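Colleague: I'd like to ask some things about the structure below.
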Amino acid sequence: MQTFNDPQSRSYARLTGAFYFTIAIAGGFSILWVPSQLQVAGDAAATFANILANRGLYAAGIGGEVVILIAEIMATAMLYFMFKPVNATLSFAAALARLSMVGVMAAMLLFHAAAYALADPGITLASFSEAQRFDLAGLMLGVHDAGVWVWQIFFTIHLAILGQLVARSGRYPRLLGHAMTLGSVGYLLDTLSATVVTGSAVFDGVTGAFLAIVTLAEVGFALWLLIRGPRPATPAPAFA
């Protein structure tokens with residue numbers, strides 16, 4: 001518990017970085033790998049046949065998302081106290097934005113559970129035909145996936161603010177902070193490309209460029225936290 005007592009210490013930064021990488025690893029498993037093994041694009045029946053045949057993997061994917069939520073809550077709290085001395089109001093705003101994202105992620109889990117319940121004839125809606133249950137289950141999965149477009153809005157706000165806190169802290173590389181702020185736009189553009197500006201190769205290319213920037217910045221920041229930690233405090237530009 002001593003680690004949590006000093007938000008400006010190296011051990012505190014390393015633990016924050018560890019939570020960051022926990023999110024990345026669990027996210028890669030639950031958000032990318034598990035769906036790639038179970039979901040068949042455009043074929044709800046095949047998708048839910050895979051889920052029912054691999055219940056353990058599906059449950060592990062949900063478990064991984066729970067791990068993400070726990071790590072997100074810890075990272076949110078620790079980042080708030082880490083950058084509170086830079087600007088208390090903005091650090092709190094960044095924490096609220098990230099916590100709002102976590103709330104959306106938590107709600108998304110309900111749709112995962114609903115999809116599983118609808119796909120299994122032994123659980124609910126036994127009077128429905130298989131095709132009806134699969135259609136409803138597919139809708140639940142679709143709503144779950146659409147939640148990404150919502151939480152990315154909150155994450156854009158969080159990263160835009162956090163990047164400036166990092167840049168002005170005097171304890172972490174300014175370049176990483178500015179890259180986080182610049183690249184954060186990629187998450188908003190990704191939401192727009194999926195919901196508003198669909199089918200535009202140019203828009204998708206711009207989105208990909210910003211996402212590449214923010215990914216490199218986030219990974220760089222996490223590595224800096226985990227390996228090096230904060231530098232001795234140096235004067236940094238104050239917020240206007």
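Chains: A, B, ... in order of the structure tokens. Residues: from 1 per chain. Ligands: from 1, in order shown.
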Using only C-alpha atoms, what table do you get, as a tab-separated table, when you list each residue of stretch 25-101 of chain A with an atom no more than 12 Å from stretch 204-224 of chain A, its nearest pair of atoms, and their distance in Å rounded to one decimal, rows by chain then rising number?

Modeller:
residue	atom	partner	partner_atom	distance
A:Ile25	CA	A:Val219	CA	12.0
A:Ala75	CA	A:Ala222	CA	10.9
A:Leu79	CA	A:Ala222	CA	11.5

Colleague: List the neighbours of A:Ser11 out to 12 Å using only C-alpha atoms; skip same-chain residues closer than 6 positions along the sequence, and give me the result as an MDAnalysis selection string.

Modeller: chainID A and resid 1:5 17:18 78 82 225:230

Colleague: How would the residues just chosen look if you wrote them out with N, CA and C atoms as a PDB file, in the first residue's frame?

Modeller:
ATOM      1  N   MET A   1       0.810  -1.209   0.000  1.00  0.00           N
ATOM      2  CA  MET A   1       0.000   0.000   0.000  1.00  0.00           C
ATOM      3  C   MET A   1       0.849   1.268   0.000  1.00  0.00           C
ATOM      4  N   GLN A   2       2.116   1.152   0.403  1.00  0.00           N
ATOM      5  CA  GLN A   2       2.992   2.312   0.445  1.00  0.00           C
ATOM      6  C   GLN A   2       3.127   2.960  -0.921  1.00  0.00           C
ATOM      7  N   THR A   3       3.041   2.154  -1.975  1.00  0.00           N
ATOM      8  CA  THR A   3       3.208   2.663  -3.330  1.00  0.00           C
ATOM      9  C   THR A   3       2.197   3.755  -3.644  1.00  0.00           C
ATOM     10  N   PHE A   4       0.986   3.648  -3.096  1.00  0.00           N
ATOM     11  CA  PHE A   4      -0.073   4.602  -3.415  1.00  0.00           C
ATOM     12  C   PHE A   4       0.067   5.926  -2.665  1.00  0.00           C
ATOM     13  N   ASN A   5       1.030   6.020  -1.760  1.00  0.00           N
ATOM     14  CA  ASN A   5       1.137   7.209  -0.921  1.00  0.00           C
ATOM     15  C   ASN A   5       1.789   8.400  -1.604  1.00  0.00           C
ATOM     16  N   GLY A  17       1.884   2.353 -15.029  1.00  0.00           N
ATOM     17  CA  GLY A  17       2.251   1.756 -16.308  1.00  0.00           C
ATOM     18  C   GLY A  17       1.854   0.298 -16.394  1.00  0.00           C
ATOM     19  N   ALA A  18       1.944  -0.414 -15.275  1.00  0.00           N
ATOM     20  CA  ALA A  18       1.544  -1.826 -15.260  1.00  0.00           C
ATOM     21  C   ALA A  18       0.049  -1.966 -15.528  1.00  0.00           C
ATOM     22  N   MET A  78      -5.158   6.792 -10.503  1.00  0.00           N
ATOM     23  CA  MET A  78      -3.732   7.083 -10.333  1.00  0.00           C
ATOM     24  C   MET A  78      -3.278   8.229 -11.234  1.00  0.00           C
ATOM     25  N   MET A  82      -1.617  11.755 -10.111  1.00  0.00           N
ATOM     26  CA  MET A  82      -0.291  12.010 -10.674  1.00  0.00           C
ATOM     27  C   MET A  82      -0.200  13.411 -11.283  1.00  0.00           C
ATOM     28  N   LEU A 225       6.423   5.277 -18.174  1.00  0.00           N
ATOM     29  CA  LEU A 225       5.973   5.077 -16.799  1.00  0.00           C
ATOM     30  C   LEU A 225       6.577   3.813 -16.204  1.00  0.00           C
ATOM     31  N   LEU A 226       6.551   2.733 -16.980  1.00  0.00           N
ATOM     32  CA  LEU A 226       6.951   1.430 -16.476  1.00  0.00           C
ATOM     33  C   LEU A 226       8.464   1.311 -16.297  1.00  0.00           C
ATOM     34  N   ILE A 227       9.221   1.908 -17.207  1.00  0.00           N
ATOM     35  CA  ILE A 227      10.676   1.711 -17.214  1.00  0.00           C
ATOM     36  C   ILE A 227      11.428   2.844 -16.521  1.00  0.00           C
ATOM     37  N   ARG A 228      11.068   4.068 -16.843  1.00  0.00           N
ATOM     38  CA  ARG A 228      11.844   5.198 -16.334  1.00  0.00           C
ATOM     39  C   ARG A 228      11.170   5.937 -15.194  1.00  0.00           C
ATOM     40  N   GLY A 229       9.903   6.220 -15.335  1.00  0.00           N
ATOM     41  CA  GLY A 229       9.206   6.972 -14.305  1.00  0.00           C
ATOM     42  C   GLY A 229       9.426   8.461 -14.461  1.00  0.00           C
ATOM     43  N   PRO A 230       8.946   9.249 -13.499  1.00  0.00           N
ATOM     44  CA  PRO A 230       9.033  10.718 -13.618  1.00  0.00           C
ATOM     45  C   PRO A 230      10.455  11.225 -13.501  1.00  0.00           C
TER      46      PRO A 230
END

Colleague: Tell me which protein, DNA and RNA residues are within 8 Å of stretch 159-162 of chain A, counting only C-alpha atoms, leaving out same-chain ones fewer than 4 positions away, and put them as a list in words.

Modeller: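 The residues that qualify are Leu90, Ser91, Ala93, Ala94, Phe155, Val166, Gly177, Met180, Thr181, Leu182, Ser184 and Val185 of chain A.
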
Colleague: Save out the residues we just selected, N, CA and C atoms, as a CSV table (one decimal), in the first residue's frame.

Modeller:
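Writing done, so here's selection_39.csv:
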chain,number,residue,atom,x,y,z
A,90,LEU,N,-8.3,20.4,-14.6
A,90,LEU,CA,-8.2,19.6,-15.9
A,90,LEU,C,-7.9,18.1,-15.6
A,91,SER,N,-7.1,17.8,-14.5
A,91,SER,CA,-6.9,16.4,-14.2
A,91,SER,C,-8.2,15.7,-13.8
A,93,ALA,N,-11.2,16.7,-14.8
A,93,ALA,CA,-12.0,16.5,-16.0
A,93,ALA,C,-11.5,15.3,-16.8
A,94,ALA,N,-10.2,15.1,-16.9
A,94,ALA,CA,-9.7,14.0,-17.7
A,94,ALA,C,-10.1,12.7,-17.0
A,155,PHE,N,-13.1,8.9,-24.6
A,155,PHE,CA,-11.6,8.7,-24.6
A,155,PHE,C,-10.9,9.8,-25.3
A,166,VAL,N,0.5,16.0,-19.4
A,166,VAL,CA,1.8,15.3,-19.6
A,166,VAL,C,2.8,16.3,-20.1
A,177,GLY,N,3.3,14.0,-24.8
A,177,GLY,CA,2.1,14.6,-24.4
A,177,GLY,C,1.4,15.3,-25.6
A,180,MET,N,-0.1,12.7,-27.8
A,180,MET,CA,-1.3,12.1,-27.3
A,180,MET,C,-2.5,13.0,-27.6
A,181,THR,N,-2.3,14.3,-27.4
A,181,THR,CA,-3.4,15.3,-27.7
A,181,THR,C,-3.7,15.3,-29.2
A,182,LEU,N,-2.7,15.4,-30.0
A,182,LEU,CA,-2.9,15.4,-31.5
A,182,LEU,C,-3.6,14.1,-31.9
A,184,SER,N,-5.3,12.0,-30.3
A,184,SER,CA,-6.6,11.6,-29.7
A,184,SER,C,-7.7,11.9,-30.7
A,185,VAL,N,-7.5,12.8,-31.6
A,185,VAL,CA,-8.6,13.1,-32.6
A,185,VAL,C,-8.9,11.8,-33.4

Colleague: Between A:Val202, A:Ala114, A:Val196, A:Leu141, single out the one closest to A:Val40, counting only C-alpha atoms.

Modeller: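 Among the listed residues, A:Leu141 lies closest to A:Val40.
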
Colleague: As an exercise, work out the distance from atom CA of A:Phe92 to atom CA of A:Arg168 in Å and give it to one decimal place.

Modeller: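 Separation between atom CA of A:Phe92 and atom CA of A:Arg168: 15.7 Å.
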
Colleague: Can you pull out the residues contacting A:Pro35? Cut-off 10 Å, using only C-alpha atoms, and skip same-chain residues under 3 positions away; I want them as a JSON list (two decimals) with all heavy atoms, in the first residue's frame.

Modeller:
[["chain", "number", "residue", "atom", "x", "y", "z"],
["A", 29, "PHE", "N", -6.74, -9.57, -26.04],
["A", 29, "PHE", "CA", -7.35, -10.88, -25.93],
["A", 29, "PHE", "C", -8.87, -10.81, -26.10],
["A", 29, "PHE", "O", -9.45, -11.53, -26.93],
["A", 29, "PHE", "CB", -7.02, -11.50, -24.57],
["A", 29, "PHE", "CG", -7.75, -12.80, -24.28],
["A", 29, "PHE", "CD1", -7.36, -13.97, -24.91],
["A", 29, "PHE", "CD2", -8.81, -12.83, -23.39],
["A", 29, "PHE", "CE1", -8.03, -15.17, -24.66],
["A", 29, "PHE", "CE2", -9.48, -14.02, -23.13],
["A", 29, "PHE", "CZ", -9.08, -15.19, -23.77],
["A", 30, "SER", "N", -9.53, -9.95, -25.31],
["A", 30, "SER", "CA", -10.99, -9.94, -25.26],
["A", 30, "SER", "C", -11.64, -9.21, -26.42],
["A", 30, "SER", "O", -12.71, -9.61, -26.89],
["A", 30, "SER", "CB", -11.46, -9.30, -23.95],
["A", 30, "SER", "OG", -11.03, -10.06, -22.84],
["A", 31, "ILE", "N", -11.02, -8.13, -26.86],
["A", 31, "ILE", "CA", -11.65, -7.29, -27.88],
["A", 31, "ILE", "C", -11.24, -7.68, -29.29],
["A", 31, "ILE", "O", -12.02, -7.50, -30.23],
["A", 31, "ILE", "CB", -11.31, -5.80, -27.60],
["A", 31, "ILE", "CG1", -11.86, -5.39, -26.22],
["A", 31, "ILE", "CG2", -11.89, -4.89, -28.68],
["A", 31, "ILE", "CD1", -11.45, -3.99, -25.79],
["A", 32, "LEU", "N", -10.04, -8.25, -29.42],
["A", 32, "LEU", "CA", -9.56, -8.60, -30.76],
["A", 32, "LEU", "C", -9.54, -10.10, -31.01],
["A", 32, "LEU", "O", -10.17, -10.60, -31.96],
["A", 32, "LEU", "CB", -8.16, -8.01, -30.98],
["A", 32, "LEU", "CG", -8.06, -6.48, -30.94],
["A", 32, "LEU", "CD1", -6.61, -6.04, -31.10],
["A", 32, "LEU", "CD2", -8.94, -5.84, -32.00],
["A", 38, "LEU", "N", -14.57, -16.46, -32.82],
["A", 38, "LEU", "CA", -15.96, -16.88, -32.66],
["A", 38, "LEU", "C", -16.93, -16.26, -33.67],
["A", 38, "LEU", "O", -17.88, -16.92, -34.09],
["A", 38, "LEU", "CB", -16.45, -16.54, -31.24],
["A", 38, "LEU", "CG", -15.69, -17.21, -30.09],
["A", 38, "LEU", "CD1", -16.26, -16.73, -28.75],
["A", 38, "LEU", "CD2", -15.78, -18.73, -30.18],
["A", 39, "GLN", "N", -16.70, -15.02, -34.02],
["A", 39, "GLN", "CA", -17.67, -14.33, -34.86],
["A", 39, "GLN", "C", -17.43, -14.57, -36.35],
["A", 39, "GLN", "O", -16.29, -14.52, -36.82],
["A", 39, "GLN", "CB", -17.65, -12.83, -34.56],
["A", 39, "GLN", "CG", -18.11, -12.48, -33.15],
["A", 39, "GLN", "CD", -18.19, -10.99, -32.90],
["A", 39, "GLN", "OE1", -18.27, -10.19, -33.84],
["A", 39, "GLN", "NE2", -18.20, -10.60, -31.64],
["A", 40, "VAL", "N", -18.52, -14.83, -37.06],
["A", 40, "VAL", "CA", -18.48, -15.03, -38.51],
["A", 40, "VAL", "C", -19.29, -13.91, -39.13],
["A", 40, "VAL", "O", -20.52, -13.81, -38.92],
["A", 40, "VAL", "CB", -19.07, -16.39, -38.92],
["A", 40, "VAL", "CG1", -19.01, -16.55, -40.43],
["A", 40, "VAL", "CG2", -18.33, -17.52, -38.21],
["A", 47, "THR", "N", -21.98, -17.85, -36.02],
["A", 47, "THR", "CA", -21.37, -17.16, -34.88],
["A", 47, "THR", "C", -21.81, -17.79, -33.57],
["A", 47, "THR", "O", -20.98, -18.12, -32.71],
["A", 47, "THR", "CB", -21.74, -15.67, -34.89],
["A", 47, "THR", "OG1", -21.15, -15.04, -36.03],
["A", 47, "THR", "CG2", -21.26, -14.98, -33.62],
["A", 51, "ILE", "N", -20.06, -19.89, -30.49],
["A", 51, "ILE", "CA", -20.11, -19.47, -29.09],
["A", 51, "ILE", "C", -20.58, -20.62, -28.20],
["A", 51, "ILE", "O", -19.99, -20.88, -27.14],
["A", 51, "ILE", "CB", -21.04, -18.25, -28.94],
["A", 51, "ILE", "CG1", -20.38, -17.02, -29.57],
["A", 51, "ILE", "CG2", -21.36, -17.99, -27.46],
["A", 51, "ILE", "CD1", -21.26, -15.79, -29.59],
["A", 57, "LEU", "N", -14.31, -20.14, -23.90],
["A", 57, "LEU", "CA", -13.60, -19.04, -24.55],
["A", 57, "LEU", "C", -14.43, -17.77, -24.50],
["A", 57, "LEU", "O", -13.91, -16.68, -24.24],
["A", 57, "LEU", "CB", -13.27, -19.42, -25.99],
["A", 57, "LEU", "CG", -12.50, -18.37, -26.81],
["A", 57, "LEU", "CD1", -11.18, -18.03, -26.16],
["A", 57, "LEU", "CD2", -12.30, -18.85, -28.24],
["A", 58, "TYR", "N", -15.73, -17.91, -24.76],
["A", 58, "TYR", "CA", -16.62, -16.74, -24.72],
["A", 58, "TYR", "C", -16.63, -16.15, -23.31],
["A", 58, "TYR", "O", -16.55, -14.92, -23.14],
["A", 58, "TYR", "CB", -18.02, -17.14, -25.15],
["A", 58, "TYR", "CG", -18.97, -15.97, -25.33],
["A", 58, "TYR", "CD1", -18.87, -15.14, -26.44],
["A", 58, "TYR", "CD2", -19.98, -15.71, -24.40],
["A", 58, "TYR", "CE1", -19.75, -14.08, -26.61],
["A", 58, "TYR", "CE2", -20.86, -14.65, -24.57],
["A", 58, "TYR", "CZ", -20.74, -13.84, -25.68],
["A", 58, "TYR", "OH", -21.61, -12.79, -25.86],
["A", 61, "GLY", "N", -13.52, -14.30, -22.61],
["A", 61, "GLY", "CA", -13.53, -12.98, -23.22],
["A", 61, "GLY", "C", -14.25, -11.96, -22.36],
["A", 61, "GLY", "O", -13.78, -10.83, -22.19]]

Colleague: Among stretch 117-218 of chain A, which residues does DSSP mark as helix (DSSP H, G or I) when it is run on the backbone? Keep the chain and numbering as in the structure and answer as a PyMOL selection string.

Modeller: chain A and resi 117-119+130-168+174-183+185-195+201-218

Colleague: Which residues are close to A:Thr89, i.e. within 12 Å by only C-alpha atoms, leaving aside same-chain residues fewer than 5 positions away? Reply as a ChimeraX atom specification.

Modeller: /A:80-81,83-84,94-96,161-162,165,239

Colleague: Include C-alpha atoms and write out the residues we just selected as a PDB file, in the first residue's frame.

Modeller:
ATOM      1  CA  TYR A  80      -5.695  11.903 -11.611  1.00  0.00           C
ATOM      2  CA  PHE A  81      -3.455  12.153  -8.557  1.00  0.00           C
ATOM      3  CA  PHE A  83      -1.234  15.108 -12.659  1.00  0.00           C
ATOM      4  CA  LYS A  84      -3.344  16.948 -10.090  1.00  0.00           C
ATOM      5  CA  ALA A  94      -9.693  13.966 -17.657  1.00  0.00           C
ATOM      6  CA  ALA A  95     -10.554  11.459 -14.927  1.00  0.00           C
ATOM      7  CA  LEU A  96     -14.298  12.071 -15.342  1.00  0.00           C
ATOM      8  CA  ILE A 161      -6.532  16.744 -21.761  1.00  0.00           C
ATOM      9  CA  LEU A 162      -4.108  14.143 -20.422  1.00  0.00           C
ATOM     10  CA  LEU A 165      -1.048  17.611 -18.596  1.00  0.00           C
ATOM     11  CA  PHE A 239      -2.002  26.862 -18.588  1.00  0.00           C
TER      12      PHE A 239
END
